[in-house]
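Visitor: Before I ask anything, let me first share the structure, which is written out below as structure tokens.
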Amino acid sequence: MWLLSFIPDAWIALAVHIIFGLGIIGIIVGTVLNHIPFVNSYGKIIRAVSIALFVSGLYFEGGIGVEKEWRAKVAELETKIKVAETQSKQANKKIHTKVIEKIKLVQVNVANNKQAINTHKQVIDAECKLNAKAIEVYNNSIKNGAK
Amino acid sequence: MKTLLLISLLLTGCATSVPVKMSFPQAPEPILKPSETLQPLDPNKTKLSDLLDNANNNYGEYHKLKQQNDAWIEWYNTQRKIFDGIK
């Protein structure tokens, strides 16, 4: 049925109805001609062709129903996806703003702490000096082995 | 050959593909930034204020990363909720 997805709905419906209609008319005409002498050989040909038309018409009548159903489902899904994509963008914008604000706050706090350290530097450094071992242990905890 | 062509065409009636695609949602740019490495203390800096300064910077990096991680969790939960709403 994927072949039908390239053709507009109205064209498909019309073509299928014509094929199906021609099949029925052809079968009737063929049957009538079959009983008339001299033309009954044409009747057989017309009937055979009409049966083929009728069968394919019937198949496509069924197919067109399924195709319409699928197209409706596709349209419904496309609408849902558009709504979801809009919601997704809105949610992203909200998260974007929130993260930026929180990171700014973190940076402000870091700067404030830095300023406090500088302000009270003399008091902080008055009673303590770090030795090499302390720095080594401290740096090991920073490196932590995991990359 | 003609019969084969006819059979192939009729059999395509069984193959139905749904031409609907949904693109993978893009994550907000701030949470895609890679994390910074923690900075070790310079062994020549032996004052306690140097240590505090270094710790302050590193804690700041941790807090930034925490915000990014929390945002990832929120992003995932929100997108999943939206995705589940489509079905």
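We name chains A, B, ... following the order of the structure tokens; residues begin at 1 in each chain, and ligands are numbered from 1 as shown.
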Near B:Asn56, counting only C-alpha atoms, which residues have an atom at most 9 Å away, once you skip same-chain residues fewer than 6 positions from it, shown as an mmCIF file with C-alpha atoms, in the first residue's frame?

Guide:
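Full text of out02.cif as output:
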```
data_model
loop_
_atom_site.group_PDB
_atom_site.id
_atom_site.type_symbol
_atom_site.label_atom_id
_atom_site.label_comp_id
_atom_site.auth_asym_id
_atom_site.auth_seq_id
_atom_site.Cartn_x
_atom_site.Cartn_y
_atom_site.Cartn_z
ATOM 1 C CA VAL A 110 32.671 31.492 45.083
ATOM 2 C CA ALA A 111 33.634 35.157 44.488
ATOM 3 C CA ASN A 113 34.144 33.451 49.655
ATOM 4 C CA LYS A 114 37.318 34.472 47.799
#
```

Visitor: Tell me the residues of chain A close to chain B, meaning within 8 Å using only C-alpha atoms, as a short mmCIF file (atom, residue, chain, number, x, y, z; two decimals) with N, CA and C atoms, in the first residue's frame.

Guide:
```cif
data_model
loop_
_atom_site.label_atom_id
_atom_site.label_comp_id
_atom_site.auth_asym_id
_atom_site.auth_seq_id
_atom_site.Cartn_x
_atom_site.Cartn_y
_atom_site.Cartn_z
N MET A 1 0.81 -1.22 0.00
CA MET A 1 0.00 0.00 0.00
C MET A 1 0.84 1.27 0.00
N TRP A 2 2.17 1.12 0.24
CA TRP A 2 3.03 2.30 0.30
C TRP A 2 3.03 3.06 -1.01
N LEU A 3 2.75 2.31 -2.11
CA LEU A 3 2.71 2.96 -3.43
C LEU A 3 1.63 4.03 -3.47
N GLY A 63 -8.06 -2.02 0.13
CA GLY A 63 -6.79 -1.32 0.40
C GLY A 63 -7.00 0.14 0.69
N TRP A 70 -4.76 4.42 7.86
CA TRP A 70 -3.35 4.69 8.15
C TRP A 70 -3.03 6.18 8.06
N VAL A 74 -1.49 8.53 10.83
CA VAL A 74 -0.26 9.31 10.59
C VAL A 74 -0.50 10.78 10.92
N LEU A 77 -0.68 11.23 14.63
CA LEU A 77 0.66 11.11 15.23
C LEU A 77 1.50 12.35 14.94
N GLU A 78 1.38 12.87 13.73
CA GLU A 78 2.15 14.07 13.37
C GLU A 78 1.74 15.27 14.23
N LYS A 80 0.46 15.06 17.25
CA LYS A 80 0.98 14.80 18.60
C LYS A 80 2.47 15.12 18.68
N ILE A 81 3.20 14.77 17.64
CA ILE A 81 4.65 15.02 17.63
C ILE A 81 4.94 16.51 17.61
N ALA A 84 4.39 17.73 21.03
CA ALA A 84 5.48 17.26 21.90
C ALA A 84 6.76 18.06 21.65
N GLU A 85 7.04 18.35 20.39
CA GLU A 85 8.26 19.11 20.08
C GLU A 85 8.20 20.53 20.65
N GLN A 87 6.41 21.38 23.32
CA GLN A 87 6.55 21.21 24.78
C GLN A 87 8.00 20.98 25.16
N SER A 88 8.69 20.18 24.32
CA SER A 88 10.09 19.87 24.57
C SER A 88 10.95 21.14 24.53
N ALA A 91 10.26 23.24 27.59
CA ALA A 91 10.90 22.64 28.78
C ALA A 91 12.39 22.92 28.76
N ASN A 92 12.99 22.81 27.57
CA ASN A 92 14.43 23.08 27.44
C ASN A 92 14.77 24.52 27.80
N LYS A 93 13.92 25.44 27.35
CA LYS A 93 14.14 26.87 27.62
C LYS A 93 14.11 27.11 29.15
N ILE A 95 14.65 24.87 31.57
CA ILE A 95 15.82 24.26 32.22
C ILE A 95 17.07 25.11 31.96
N HIS A 96 17.19 25.60 30.72
CA HIS A 96 18.33 26.44 30.33
C HIS A 96 18.44 27.66 31.25
N VAL A 99 19.32 26.61 34.97
CA VAL A 99 20.73 26.21 35.17
C VAL A 99 21.64 27.43 35.13
N ILE A 100 21.40 28.31 34.16
CA ILE A 100 22.24 29.52 34.04
C ILE A 100 22.17 30.33 35.34
N LYS A 102 21.34 29.30 38.38
CA LYS A 102 21.96 28.60 39.52
C LYS A 102 23.48 28.64 39.42
N ILE A 103 24.02 28.49 38.21
CA ILE A 103 25.48 28.53 38.05
C ILE A 103 26.00 29.93 38.36
N VAL A 106 26.25 30.18 42.02
CA VAL A 106 27.44 29.47 42.50
C VAL A 106 28.68 30.35 42.32
N GLN A 107 28.78 30.98 41.13
CA GLN A 107 29.95 31.83 40.84
C GLN A 107 30.01 33.04 41.79
N VAL A 110 31.22 31.76 45.14
CA VAL A 110 32.67 31.49 45.08
C VAL A 110 33.43 32.82 45.19
N ASN A 113 33.25 34.19 48.76
CA ASN A 113 34.14 33.45 49.65
C ASN A 113 35.60 33.87 49.43
N LYS A 114 35.96 34.05 48.16
CA LYS A 114 37.32 34.47 47.80
C LYS A 114 37.63 35.84 48.44
N ILE A 117 38.16 35.43 52.12
CA ILE A 117 39.50 34.87 52.41
C ILE A 117 40.55 35.98 52.33
N ASN A 118 40.44 36.80 51.26
CA ASN A 118 41.40 37.90 51.09
C ASN A 118 41.30 38.92 52.22
N LYS A 121 42.76 37.38 55.43
CA LYS A 121 43.99 36.63 55.14
C LYS A 121 44.96 36.60 56.33
N ILE A 124 43.67 34.41 59.14
CA ILE A 124 43.69 32.99 58.75
C ILE A 124 45.11 32.42 58.79
N ASP A 125 46.07 33.21 58.26
CA ASP A 125 47.44 32.72 58.15
C ASP A 125 48.25 32.88 59.44
N CYS A 128 48.73 29.20 61.33
CA CYS A 128 48.89 27.91 60.63
C CYS A 128 49.74 28.03 59.38
N LYS A 129 50.61 27.06 59.20
CA LYS A 129 51.42 26.98 57.98
C LYS A 129 51.35 25.53 57.49
N LEU A 130 51.17 25.35 56.19
CA LEU A 130 51.06 23.99 55.67
C LEU A 130 52.43 23.41 55.39
N ASN A 131 52.60 22.12 55.75
CA ASN A 131 53.87 21.48 55.38
C ASN A 131 53.66 20.65 54.11
N ALA A 132 54.74 20.14 53.56
CA ALA A 132 54.71 19.42 52.27
C ALA A 132 53.80 18.20 52.31
N ILE A 135 50.10 19.15 52.03
CA ILE A 135 49.76 19.52 50.65
C ILE A 135 49.66 18.27 49.77
N GLU A 136 50.56 17.31 50.00
CA GLU A 136 50.55 16.07 49.20
C GLU A 136 49.25 15.28 49.43
N TYR A 138 46.44 16.44 50.59
CA TYR A 138 45.32 17.25 50.07
C TYR A 138 45.20 17.07 48.55
N ASN A 139 46.34 17.16 47.85
CA ASN A 139 46.33 17.02 46.39
C ASN A 139 45.93 15.62 45.94
N ILE A 142 42.34 15.43 45.79
CA ILE A 142 41.81 16.15 44.62
C ILE A 142 41.93 15.28 43.37
N LYS A 143 43.11 14.68 43.21
CA LYS A 143 43.34 13.86 42.01
C LYS A 143 42.48 12.60 42.03
#
```

Visitor: Separation of atom CA of A:Phe60 and atom CA of A:Leu14, in Å?

Guide: 11.2 Å

Visitor: Interatomic distance between atom CA of A:Ile25 and atom CA of A:Val39?

Guide: 17.1 Å
